[in-house]
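Below is the file target00.cif, which contains mmCIF, N, CA and C atoms.
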```cif
data_model
#
loop_
_atom_site.label_atom_id
_atom_site.label_comp_id
_atom_site.auth_asym_id
_atom_site.auth_seq_id
_atom_site.Cartn_x
_atom_site.Cartn_y
_atom_site.Cartn_z
N MET A 1 153.63 -8.21 178.65
CA MET A 1 154.03 -7.03 177.91
C MET A 1 154.53 -7.44 176.53
N PHE A 2 154.26 -6.60 175.57
CA PHE A 2 154.77 -6.77 174.22
C PHE A 2 155.68 -5.59 173.90
N ILE A 3 156.69 -5.86 173.08
CA ILE A 3 157.51 -4.78 172.58
C ILE A 3 157.29 -4.69 171.07
N VAL A 4 157.50 -3.49 170.55
CA VAL A 4 157.31 -3.22 169.12
C VAL A 4 158.65 -2.79 168.54
N LYS A 5 159.00 -3.39 167.41
CA LYS A 5 160.22 -3.00 166.71
C LYS A 5 159.94 -1.72 165.95
N MET A 6 160.79 -0.74 166.13
CA MET A 6 160.60 0.54 165.45
C MET A 6 161.09 0.43 164.01
N THR A 7 160.16 0.41 163.11
CA THR A 7 160.48 0.37 161.69
C THR A 7 160.67 1.82 161.22
N PRO A 8 161.30 2.03 160.07
CA PRO A 8 161.45 3.40 159.56
C PRO A 8 160.11 4.13 159.45
N GLN A 9 159.07 3.39 159.14
CA GLN A 9 157.75 3.99 159.00
C GLN A 9 157.20 4.50 160.34
N LEU A 10 157.46 3.76 161.43
CA LEU A 10 156.96 4.15 162.75
C LEU A 10 157.89 5.15 163.46
N SER A 11 159.16 5.09 163.15
CA SER A 11 160.16 5.89 163.84
C SER A 11 159.82 7.38 163.81
N GLY A 12 159.81 7.97 165.00
CA GLY A 12 159.51 9.39 165.12
C GLY A 12 158.04 9.73 165.12
N ASN A 13 157.18 8.74 164.95
CA ASN A 13 155.73 8.98 164.90
C ASN A 13 155.00 8.43 166.12
N CYS A 14 155.72 7.83 167.06
CA CYS A 14 155.08 7.20 168.21
C CYS A 14 155.47 7.91 169.50
N THR A 15 154.57 7.90 170.48
CA THR A 15 154.77 8.66 171.71
C THR A 15 156.06 8.32 172.43
N ASP A 16 156.50 7.07 172.38
CA ASP A 16 157.73 6.69 173.08
C ASP A 16 158.97 6.87 172.21
N ASP A 17 158.80 7.43 171.01
CA ASP A 17 159.94 7.60 170.10
C ASP A 17 159.76 8.84 169.23
N LEU A 18 159.42 9.94 169.83
CA LEU A 18 159.17 11.15 169.05
C LEU A 18 160.42 11.69 168.37
N ASP A 19 161.60 11.36 168.92
CA ASP A 19 162.83 11.84 168.29
C ASP A 19 163.41 10.84 167.29
N GLY A 20 162.78 9.67 167.13
CA GLY A 20 163.21 8.69 166.14
C GLY A 20 164.49 7.96 166.47
N THR A 21 164.83 7.84 167.76
CA THR A 21 166.09 7.20 168.13
C THR A 21 165.93 5.81 168.76
N GLU A 22 164.72 5.42 169.06
CA GLU A 22 164.51 4.13 169.75
C GLU A 22 164.49 2.96 168.77
N ARG A 23 164.96 1.79 169.25
CA ARG A 23 164.88 0.57 168.43
C ARG A 23 163.61 -0.21 168.75
N TYR A 24 163.15 -0.10 170.01
CA TYR A 24 161.97 -0.83 170.46
C TYR A 24 161.19 0.08 171.41
N ILE A 25 159.88 -0.12 171.44
CA ILE A 25 159.05 0.57 172.43
C ILE A 25 158.09 -0.46 173.01
N TYR A 26 157.55 -0.12 174.17
CA TYR A 26 156.49 -0.95 174.76
C TYR A 26 155.24 -0.79 173.94
N TRP A 27 154.47 -1.84 173.83
CA TRP A 27 153.16 -1.73 173.21
C TRP A 27 152.28 -0.94 174.16
N GLY A 28 151.50 -0.07 173.65
CA GLY A 28 150.59 0.69 174.49
C GLY A 28 150.69 2.18 174.23
N GLY A 29 151.60 2.57 173.39
CA GLY A 29 151.73 3.98 173.05
C GLY A 29 150.78 4.36 171.93
N GLN A 30 151.02 5.51 171.39
CA GLN A 30 150.17 6.02 170.31
C GLN A 30 151.08 6.49 169.19
N CYS A 31 150.69 6.21 167.96
CA CYS A 31 151.43 6.68 166.80
C CYS A 31 150.53 7.62 166.01
N ASN A 32 151.10 8.72 165.56
CA ASN A 32 150.34 9.75 164.85
C ASN A 32 151.10 10.10 163.58
N PHE A 33 150.45 9.96 162.44
CA PHE A 33 151.11 10.22 161.17
C PHE A 33 150.90 11.65 160.68
N LYS A 34 150.41 12.51 161.55
CA LYS A 34 150.34 13.96 161.34
C LYS A 34 149.78 14.37 159.99
N GLY A 35 148.65 13.80 159.64
CA GLY A 35 147.99 14.18 158.39
C GLY A 35 148.39 13.33 157.20
N TYR A 36 149.49 12.62 157.28
CA TYR A 36 149.92 11.75 156.19
C TYR A 36 149.25 10.40 156.39
N LYS A 37 148.58 9.91 155.34
CA LYS A 37 147.94 8.59 155.42
C LYS A 37 148.79 7.60 154.62
N PRO A 38 149.57 6.77 155.30
CA PRO A 38 150.34 5.77 154.57
C PRO A 38 149.42 4.71 153.98
N ASP A 39 149.85 4.10 152.90
CA ASP A 39 149.07 3.01 152.31
C ASP A 39 148.97 1.84 153.28
N LYS A 40 150.10 1.57 153.96
CA LYS A 40 150.07 0.49 154.96
C LYS A 40 151.04 0.82 156.09
N VAL A 41 150.71 0.25 157.25
CA VAL A 41 151.55 0.38 158.44
C VAL A 41 151.82 -1.03 158.93
N VAL A 42 153.09 -1.40 158.96
CA VAL A 42 153.48 -2.74 159.40
C VAL A 42 153.98 -2.63 160.84
N ILE A 43 153.40 -3.43 161.71
CA ILE A 43 153.79 -3.45 163.11
C ILE A 43 154.39 -4.82 163.41
N GLN A 44 155.64 -4.81 163.87
CA GLN A 44 156.32 -6.05 164.27
C GLN A 44 156.39 -6.04 165.80
N TYR A 45 155.91 -7.09 166.41
CA TYR A 45 155.84 -7.13 167.87
C TYR A 45 156.23 -8.51 168.39
N ALA A 46 156.68 -8.53 169.64
CA ALA A 46 157.07 -9.78 170.29
C ALA A 46 156.64 -9.73 171.75
N LYS A 47 156.29 -10.88 172.27
CA LYS A 47 155.90 -10.98 173.68
C LYS A 47 157.16 -10.99 174.54
N TRP A 48 157.12 -10.21 175.61
CA TRP A 48 158.25 -10.15 176.52
C TRP A 48 157.87 -10.83 177.82
N LYS A 49 157.92 -10.15 178.91
CA LYS A 49 157.61 -10.69 180.23
C LYS A 49 156.34 -10.04 180.77
N PRO A 50 155.73 -10.67 181.79
CA PRO A 50 154.64 -9.97 182.48
C PRO A 50 155.18 -8.67 183.08
N TYR A 51 154.35 -7.66 183.15
CA TYR A 51 154.78 -6.33 183.58
C TYR A 51 155.52 -6.37 184.92
N ASP A 52 155.00 -7.14 185.88
CA ASP A 52 155.62 -7.16 187.21
C ASP A 52 156.95 -7.90 187.26
N GLN A 53 157.36 -8.54 186.16
CA GLN A 53 158.64 -9.25 186.11
C GLN A 53 159.70 -8.50 185.29
N ILE A 54 159.38 -7.34 184.80
CA ILE A 54 160.32 -6.58 183.98
C ILE A 54 161.30 -5.87 184.91
N PRO A 55 162.61 -6.12 184.72
CA PRO A 55 163.60 -5.47 185.59
C PRO A 55 163.64 -3.95 185.36
N LYS A 56 164.03 -3.24 186.39
CA LYS A 56 164.14 -1.78 186.31
C LYS A 56 165.62 -1.40 186.40
N PRO A 57 166.11 -0.46 185.64
CA PRO A 57 165.43 0.22 184.56
C PRO A 57 165.20 -0.76 183.40
N SER A 58 164.08 -0.63 182.76
CA SER A 58 163.66 -1.64 181.77
C SER A 58 164.27 -1.46 180.39
N LYS A 59 164.60 -0.24 180.02
CA LYS A 59 165.04 0.02 178.64
C LYS A 59 166.24 -0.83 178.21
N PRO A 60 167.34 -0.92 178.99
CA PRO A 60 168.46 -1.75 178.52
C PRO A 60 168.09 -3.23 178.40
N HIS A 61 167.20 -3.71 179.28
CA HIS A 61 166.76 -5.10 179.22
C HIS A 61 165.87 -5.34 177.99
N MET A 62 165.02 -4.36 177.68
CA MET A 62 164.16 -4.47 176.50
C MET A 62 165.01 -4.50 175.23
N ILE A 63 166.02 -3.65 175.16
CA ILE A 63 166.89 -3.61 173.98
C ILE A 63 167.64 -4.93 173.84
N ALA A 64 168.20 -5.44 174.94
CA ALA A 64 168.92 -6.72 174.90
C ALA A 64 168.00 -7.86 174.47
N PHE A 65 166.78 -7.86 175.00
CA PHE A 65 165.81 -8.90 174.63
C PHE A 65 165.45 -8.79 173.15
N GLY A 66 165.10 -7.61 172.70
CA GLY A 66 164.74 -7.41 171.29
C GLY A 66 165.86 -7.79 170.34
N ASP A 67 167.08 -7.39 170.70
CA ASP A 67 168.24 -7.71 169.85
C ASP A 67 168.54 -9.20 169.81
N SER A 68 168.15 -9.93 170.86
CA SER A 68 168.44 -11.36 170.92
C SER A 68 167.43 -12.23 170.17
N LEU A 69 166.32 -11.64 169.78
CA LEU A 69 165.28 -12.43 169.12
C LEU A 69 165.61 -12.73 167.66
N PRO A 70 165.38 -13.97 167.23
CA PRO A 70 165.53 -14.28 165.81
C PRO A 70 164.37 -13.65 165.04
N ALA A 71 164.54 -13.47 163.76
CA ALA A 71 163.49 -12.87 162.92
C ALA A 71 162.17 -13.63 163.04
N SER A 72 162.24 -14.93 163.24
CA SER A 72 161.03 -15.76 163.31
C SER A 72 160.22 -15.51 164.58
N ALA A 73 160.80 -14.87 165.59
CA ALA A 73 160.10 -14.62 166.85
C ALA A 73 159.16 -13.41 166.77
N TRP A 74 159.36 -12.57 165.77
CA TRP A 74 158.54 -11.37 165.64
C TRP A 74 157.27 -11.68 164.88
N LYS A 75 156.15 -11.25 165.42
CA LYS A 75 154.87 -11.37 164.72
C LYS A 75 154.63 -10.06 163.98
N THR A 76 153.86 -10.13 162.92
CA THR A 76 153.59 -8.95 162.11
C THR A 76 152.10 -8.75 161.95
N TYR A 77 151.69 -7.50 162.07
CA TYR A 77 150.31 -7.11 161.80
C TYR A 77 150.37 -5.90 160.89
N THR A 78 149.57 -5.93 159.83
CA THR A 78 149.58 -4.84 158.86
C THR A 78 148.23 -4.14 158.83
N LEU A 79 148.27 -2.84 158.92
CA LEU A 79 147.09 -1.99 158.79
C LEU A 79 147.13 -1.30 157.44
N TYR A 80 145.98 -1.06 156.87
CA TYR A 80 145.86 -0.35 155.60
C TYR A 80 144.99 0.89 155.85
N PRO A 81 145.60 2.00 156.34
CA PRO A 81 144.82 3.17 156.77
C PRO A 81 143.90 3.75 155.71
N LYS A 82 144.34 3.88 154.47
CA LYS A 82 143.48 4.47 153.44
C LYS A 82 142.26 3.60 153.19
N LYS A 83 142.46 2.30 153.15
CA LYS A 83 141.35 1.36 152.95
C LYS A 83 140.40 1.40 154.16
N MET A 84 140.98 1.42 155.35
CA MET A 84 140.15 1.47 156.56
C MET A 84 139.33 2.75 156.61
N MET A 85 139.96 3.85 156.23
CA MET A 85 139.24 5.12 156.27
C MET A 85 138.06 5.11 155.31
N ALA A 86 138.26 4.53 154.14
CA ALA A 86 137.17 4.45 153.16
C ALA A 86 136.03 3.58 153.70
N GLU A 87 136.37 2.44 154.35
CA GLU A 87 135.35 1.55 154.89
C GLU A 87 134.60 2.20 156.05
N VAL A 88 135.33 2.83 156.95
CA VAL A 88 134.70 3.47 158.10
C VAL A 88 133.84 4.64 157.65
N LYS A 89 134.32 5.38 156.66
CA LYS A 89 133.59 6.54 156.14
C LYS A 89 132.21 6.13 155.63
N GLN A 90 132.11 4.94 155.03
CA GLN A 90 130.83 4.46 154.51
C GLN A 90 129.86 4.10 155.63
N ASN A 91 130.38 3.68 156.77
CA ASN A 91 129.53 3.17 157.85
C ASN A 91 129.30 4.13 159.00
N GLN A 92 130.02 5.25 159.04
CA GLN A 92 129.89 6.18 160.17
C GLN A 92 129.75 7.60 159.66
N ASP A 93 129.00 8.38 160.40
CA ASP A 93 128.99 9.81 160.16
C ASP A 93 130.25 10.39 160.79
N PRO A 94 130.80 11.42 160.19
CA PRO A 94 131.99 12.04 160.80
C PRO A 94 131.70 12.54 162.20
N LYS A 95 132.73 12.52 163.04
CA LYS A 95 132.60 12.97 164.41
C LYS A 95 132.24 14.46 164.47
N TYR A 96 132.81 15.25 163.57
CA TYR A 96 132.52 16.69 163.49
C TYR A 96 132.11 17.03 162.07
N ASN A 97 131.23 17.97 161.94
CA ASN A 97 130.79 18.42 160.63
C ASN A 97 131.82 19.41 160.08
N PRO A 98 132.38 19.16 158.87
CA PRO A 98 133.40 20.07 158.34
C PRO A 98 132.86 21.47 158.08
N LEU A 99 131.54 21.63 157.99
CA LEU A 99 130.99 22.96 157.79
C LEU A 99 131.09 23.79 159.07
N LEU A 100 131.18 23.13 160.21
CA LEU A 100 131.31 23.84 161.48
C LEU A 100 132.77 24.08 161.85
N VAL A 101 133.67 23.34 161.22
CA VAL A 101 135.10 23.52 161.44
C VAL A 101 135.68 24.07 160.14
N PRO A 102 136.20 25.26 160.13
CA PRO A 102 136.71 25.83 158.87
C PRO A 102 137.71 24.92 158.17
N LYS A 103 137.58 24.82 156.84
CA LYS A 103 138.45 23.93 156.08
C LYS A 103 139.92 24.25 156.26
N ALA A 104 140.25 25.48 156.55
CA ALA A 104 141.65 25.86 156.73
C ALA A 104 142.29 25.13 157.91
N ILE A 105 141.48 24.72 158.89
CA ILE A 105 142.04 24.06 160.06
C ILE A 105 141.50 22.64 160.26
N ALA A 106 140.66 22.16 159.36
CA ALA A 106 140.07 20.83 159.53
C ALA A 106 140.78 19.81 158.65
N ARG A 107 140.93 18.61 159.17
CA ARG A 107 141.45 17.51 158.36
C ARG A 107 140.74 16.23 158.78
N LYS A 108 140.58 15.33 157.84
CA LYS A 108 139.96 14.04 158.15
C LYS A 108 140.93 13.23 159.01
N SER A 109 140.39 12.48 159.92
CA SER A 109 141.24 11.65 160.76
C SER A 109 140.54 10.34 161.08
N ILE A 110 141.34 9.35 161.42
CA ILE A 110 140.82 8.07 161.88
C ILE A 110 141.68 7.67 163.08
N LEU A 111 141.04 7.22 164.12
CA LEU A 111 141.72 6.77 165.32
C LEU A 111 141.39 5.29 165.47
N VAL A 112 142.42 4.46 165.44
CA VAL A 112 142.24 3.01 165.47
C VAL A 112 142.90 2.46 166.73
N TYR A 113 142.18 1.65 167.46
CA TYR A 113 142.72 0.99 168.65
C TYR A 113 143.04 -0.46 168.31
N LEU A 114 144.31 -0.81 168.39
CA LEU A 114 144.73 -2.19 168.17
C LEU A 114 144.94 -2.85 169.53
N GLU A 115 144.43 -4.03 169.68
CA GLU A 115 144.59 -4.77 170.92
C GLU A 115 145.40 -6.02 170.63
N ILE A 116 146.53 -6.17 171.35
CA ILE A 116 147.31 -7.40 171.24
C ILE A 116 146.94 -8.24 172.46
N HIS A 117 146.42 -9.41 172.20
CA HIS A 117 145.95 -10.30 173.27
C HIS A 117 147.10 -11.16 173.79
N ALA A 118 146.91 -11.77 174.93
CA ALA A 118 147.95 -12.57 175.58
C ALA A 118 148.51 -13.66 174.66
N ASP A 119 147.67 -14.20 173.77
CA ASP A 119 148.14 -15.25 172.87
C ASP A 119 148.88 -14.69 171.64
N GLY A 120 149.00 -13.35 171.57
CA GLY A 120 149.70 -12.72 170.46
C GLY A 120 148.81 -12.34 169.29
N SER A 121 147.54 -12.70 169.34
CA SER A 121 146.63 -12.31 168.26
C SER A 121 146.28 -10.82 168.38
N VAL A 122 145.90 -10.22 167.29
CA VAL A 122 145.59 -8.80 167.25
C VAL A 122 144.16 -8.60 166.79
N SER A 123 143.48 -7.66 167.40
CA SER A 123 142.15 -7.28 166.94
C SER A 123 142.05 -5.76 166.96
N ILE A 124 141.11 -5.27 166.18
CA ILE A 124 140.85 -3.83 166.15
C ILE A 124 139.70 -3.57 167.10
N GLY A 125 139.89 -2.62 168.00
CA GLY A 125 138.87 -2.28 169.00
C GLY A 125 137.61 -1.73 168.36
N ASP A 126 136.52 -1.88 169.06
CA ASP A 126 135.22 -1.41 168.58
C ASP A 126 135.11 0.11 168.59
N ASP A 127 136.07 0.79 169.20
CA ASP A 127 135.96 2.23 169.37
C ASP A 127 136.75 3.02 168.32
N THR A 128 136.91 2.47 167.13
CA THR A 128 137.54 3.20 166.04
C THR A 128 136.70 4.44 165.74
N GLN A 129 137.38 5.58 165.59
CA GLN A 129 136.67 6.84 165.38
C GLN A 129 137.09 7.47 164.05
N TYR A 130 136.12 7.98 163.35
CA TYR A 130 136.36 8.69 162.10
C TYR A 130 135.73 10.06 162.20
N GLY A 131 136.45 11.06 161.75
CA GLY A 131 135.87 12.40 161.81
C GLY A 131 136.84 13.45 161.31
N TYR A 132 136.66 14.65 161.79
CA TYR A 132 137.52 15.77 161.42
C TYR A 132 138.24 16.25 162.67
N THR A 133 139.50 16.60 162.50
CA THR A 133 140.32 17.07 163.59
C THR A 133 140.73 18.51 163.33
N ASN A 134 140.80 19.28 164.36
CA ASN A 134 141.26 20.65 164.26
C ASN A 134 142.78 20.63 164.17
N ASN A 135 143.34 21.01 163.04
CA ASN A 135 144.80 20.98 162.83
C ASN A 135 145.55 21.81 163.85
N THR A 136 144.99 22.89 164.31
CA THR A 136 145.72 23.73 165.26
C THR A 136 145.91 23.00 166.59
N GLU A 137 144.99 22.11 166.94
CA GLU A 137 145.15 21.32 168.17
C GLU A 137 146.07 20.14 167.96
N ALA A 138 146.07 19.57 166.75
CA ALA A 138 146.87 18.39 166.48
C ALA A 138 148.37 18.66 166.55
N TYR A 139 148.80 19.89 166.36
CA TYR A 139 150.23 20.19 166.31
C TYR A 139 150.73 20.98 167.50
N ARG A 140 149.99 21.01 168.58
CA ARG A 140 150.45 21.71 169.79
C ARG A 140 151.52 20.94 170.47
#
```
Output the file's structure as structure tokens, nothing else.
Amino acid sequence: MFIVKMTPQLSGNCTDDLDGTERYIYWGGQCNFKGYKPDKVVIQYAKWKPYDQIPKPSKPHMIAFGDSLPASAWKTYTLYPKKMMAEVKQNQDPKYNPLLVPKAIARKSILVYLEIHADGSVSIGDDTQYGYTNNTEAYR
């Protein structure tokens, strides 16, 4: 298992921290910037224990572990969403045609899958999606 340090940029935008109060979350959630495309997203992560060795309840143990780590123990991965969107846009047709989705409710979106491997390296999944999202569904 990996934990992610909640930076001000991620805080309140991830499934395990929608209220913006968490210091750390488990890797494996989803972060949504709700139509805002940041220039960059910095993810700081650290390897914890195998899932079956994590004590229950896990949250206080995760906080204690995260707080005990020196700055050098955190790995960093940076995404550049605007740049990625431009690159993907050149290579893929949009998932939905904006002419079929009224502009009042359509917005461009990109869905990126990051995979953190056991050795701590990060890769972007092959299933990155670019297209248009219905705004009325995105904010339910």
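Counting only C-alpha atoms, Phe2 of chain A has the following residues at most 7 Å away, ignoring those fewer than 2 positions along the same chain: Val4, Tyr26, Trp27, Tyr45, Ala46, Lys47 and Trp48 of chain A.
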Return as lines of an AutoDock Vina configuration file the centre and edge lengths, in Å with one decimal, of the box along x, y and z that encloses every atom of segment 62-67 of chain A in the file, padded by 4 Å per side.
```
center_x = 166.5
center_y = -6.4
center_z = 173.7
size_x = 12.8
size_y = 13.6
size_z = 15.9
```
May I have the residues within 5 Å of segment 113-115 of chain A as a list of chain:residue names, using only N, CA and C atoms and disregarding those fewer than 6 positions away in the same chain?
A:Val122, A:Ser123, A:Ile124, A:Gly125
Quick check on the file I pasted: which residues fall under the PyMOL selection byres (((chain A and resi 3 and name CA) around 12) and name CA)? Write them as a CSV table (one decimal) with N, CA and C atoms, keeping the file's coordinate frame.
```csv
chain,number,residue,atom,x,y,z
A,1,MET,N,153.6,-8.2,178.6
A,1,MET,CA,154.0,-7.0,177.9
A,1,MET,C,154.5,-7.4,176.5
A,2,PHE,N,154.3,-6.6,175.6
A,2,PHE,CA,154.8,-6.8,174.2
A,2,PHE,C,155.7,-5.6,173.9
A,4,VAL,N,157.5,-3.5,170.6
A,4,VAL,CA,157.3,-3.2,169.1
A,4,VAL,C,158.6,-2.8,168.5
A,5,LYS,N,159.0,-3.4,167.4
A,5,LYS,CA,160.2,-3.0,166.7
A,5,LYS,C,159.9,-1.7,166.0
A,6,MET,N,160.8,-0.7,166.1
A,6,MET,CA,160.6,0.5,165.4
A,6,MET,C,161.1,0.4,164.0
A,16,ASP,N,156.5,7.1,172.4
A,16,ASP,CA,157.7,6.7,173.1
A,16,ASP,C,159.0,6.9,172.2
A,22,GLU,N,164.7,5.4,169.1
A,22,GLU,CA,164.5,4.1,169.8
A,22,GLU,C,164.5,3.0,168.8
A,23,ARG,N,165.0,1.8,169.2
A,23,ARG,CA,164.9,0.6,168.4
A,23,ARG,C,163.6,-0.2,168.8
A,24,TYR,N,163.2,-0.1,170.0
A,24,TYR,CA,162.0,-0.8,170.5
A,24,TYR,C,161.2,0.1,171.4
A,25,ILE,N,159.9,-0.1,171.4
A,25,ILE,CA,159.0,0.6,172.4
A,25,ILE,C,158.1,-0.5,173.0
A,26,TYR,N,157.6,-0.1,174.2
A,26,TYR,CA,156.5,-1.0,174.8
A,26,TYR,C,155.2,-0.8,173.9
A,27,TRP,N,154.5,-1.8,173.8
A,27,TRP,CA,153.2,-1.7,173.2
A,27,TRP,C,152.3,-0.9,174.2
A,28,GLY,N,151.5,-0.1,173.6
A,28,GLY,CA,150.6,0.7,174.5
A,28,GLY,C,150.7,2.2,174.2
A,29,GLY,N,151.6,2.6,173.4
A,29,GLY,CA,151.7,4.0,173.0
A,29,GLY,C,150.8,4.4,171.9
A,43,ILE,N,153.4,-3.4,161.7
A,43,ILE,CA,153.8,-3.4,163.1
A,43,ILE,C,154.4,-4.8,163.4
A,44,GLN,N,155.6,-4.8,163.9
A,44,GLN,CA,156.3,-6.0,164.3
A,44,GLN,C,156.4,-6.0,165.8
A,45,TYR,N,155.9,-7.1,166.4
A,45,TYR,CA,155.8,-7.1,167.9
A,45,TYR,C,156.2,-8.5,168.4
A,46,ALA,N,156.7,-8.5,169.6
A,46,ALA,CA,157.1,-9.8,170.3
A,46,ALA,C,156.6,-9.7,171.8
A,47,LYS,N,156.3,-10.9,172.3
A,47,LYS,CA,155.9,-11.0,173.7
A,47,LYS,C,157.2,-11.0,174.5
A,48,TRP,N,157.1,-10.2,175.6
A,48,TRP,CA,158.2,-10.2,176.5
A,48,TRP,C,157.9,-10.8,177.8
A,49,LYS,N,157.9,-10.2,178.9
A,49,LYS,CA,157.6,-10.7,180.2
A,49,LYS,C,156.3,-10.0,180.8
A,50,PRO,N,155.7,-10.7,181.8
A,50,PRO,CA,154.6,-10.0,182.5
A,50,PRO,C,155.2,-8.7,183.1
A,51,TYR,N,154.4,-7.7,183.2
A,51,TYR,CA,154.8,-6.3,183.6
A,51,TYR,C,155.5,-6.4,184.9
A,54,ILE,N,159.4,-7.3,184.8
A,54,ILE,CA,160.3,-6.6,184.0
A,54,ILE,C,161.3,-5.9,184.9
A,58,SER,N,164.1,-0.6,182.8
A,58,SER,CA,163.7,-1.6,181.8
A,58,SER,C,164.3,-1.5,180.4
A,59,LYS,N,164.6,-0.2,180.0
A,59,LYS,CA,165.0,0.0,178.6
A,59,LYS,C,166.2,-0.8,178.2
A,61,HIS,N,167.2,-3.7,179.3
A,61,HIS,CA,166.8,-5.1,179.2
A,61,HIS,C,165.9,-5.3,178.0
A,62,MET,N,165.0,-4.4,177.7
A,62,MET,CA,164.2,-4.5,176.5
A,62,MET,C,165.0,-4.5,175.2
A,63,ILE,N,166.0,-3.6,175.2
A,63,ILE,CA,166.9,-3.6,174.0
A,63,ILE,C,167.6,-4.9,173.8
A,64,ALA,N,168.2,-5.4,174.9
A,64,ALA,CA,168.9,-6.7,174.9
A,64,ALA,C,168.0,-7.9,174.5
A,65,PHE,N,166.8,-7.9,175.0
A,65,PHE,CA,165.8,-8.9,174.6
A,65,PHE,C,165.4,-8.8,173.2
A,66,GLY,N,165.1,-7.6,172.7
A,66,GLY,CA,164.7,-7.4,171.3
A,66,GLY,C,165.9,-7.8,170.3
A,67,ASP,N,167.1,-7.4,170.7
A,67,ASP,CA,168.2,-7.7,169.8
A,67,ASP,C,168.5,-9.2,169.8
A,69,LEU,N,166.3,-11.6,169.8
A,69,LEU,CA,165.3,-12.4,169.1
A,69,LEU,C,165.6,-12.7,167.7
A,73,ALA,N,160.8,-14.9,165.6
A,73,ALA,CA,160.1,-14.6,166.8
A,73,ALA,C,159.2,-13.4,166.8
A,74,TRP,N,159.4,-12.6,165.8
A,74,TRP,CA,158.5,-11.4,165.6
A,74,TRP,C,157.3,-11.7,164.9
A,75,LYS,N,156.2,-11.2,165.4
A,75,LYS,CA,154.9,-11.4,164.7
A,75,LYS,C,154.6,-10.1,164.0
A,76,THR,N,153.9,-10.1,162.9
A,76,THR,CA,153.6,-9.0,162.1
A,76,THR,C,152.1,-8.8,162.0
A,116,ILE,N,146.5,-6.2,171.4
A,116,ILE,CA,147.3,-7.4,171.2
A,116,ILE,C,146.9,-8.2,172.5
A,120,GLY,N,149.0,-13.4,171.6
A,120,GLY,CA,149.7,-12.7,170.5
A,120,GLY,C,148.8,-12.3,169.3
```
What is the distance, in Å and to one decimal place, between atom CA of Lys37 of chain A and atom N of Tyr80 of chain A?
10.0 Å
Which distance in Å separates atom CA of Phe33 of chain A and atom CA of Glu87 of chain A, to one decimal?
19.1 Å
Kindly resolve the PyMOL selection byres ((chain A and resi 40) around 6) on the present coordinates and return the residues as a count of residues only.
7
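From atom N of Leu10 of chain A back to atom C of Pro70 of chain A, the distance works out to 19.1 Å.
Each of A:Asn13, A:Ala86, A:Tyr77, A:Gly20 was compared to Lys34 of chain A using only N, CA and C atoms, and A:Asn13 turns out to be the nearest.
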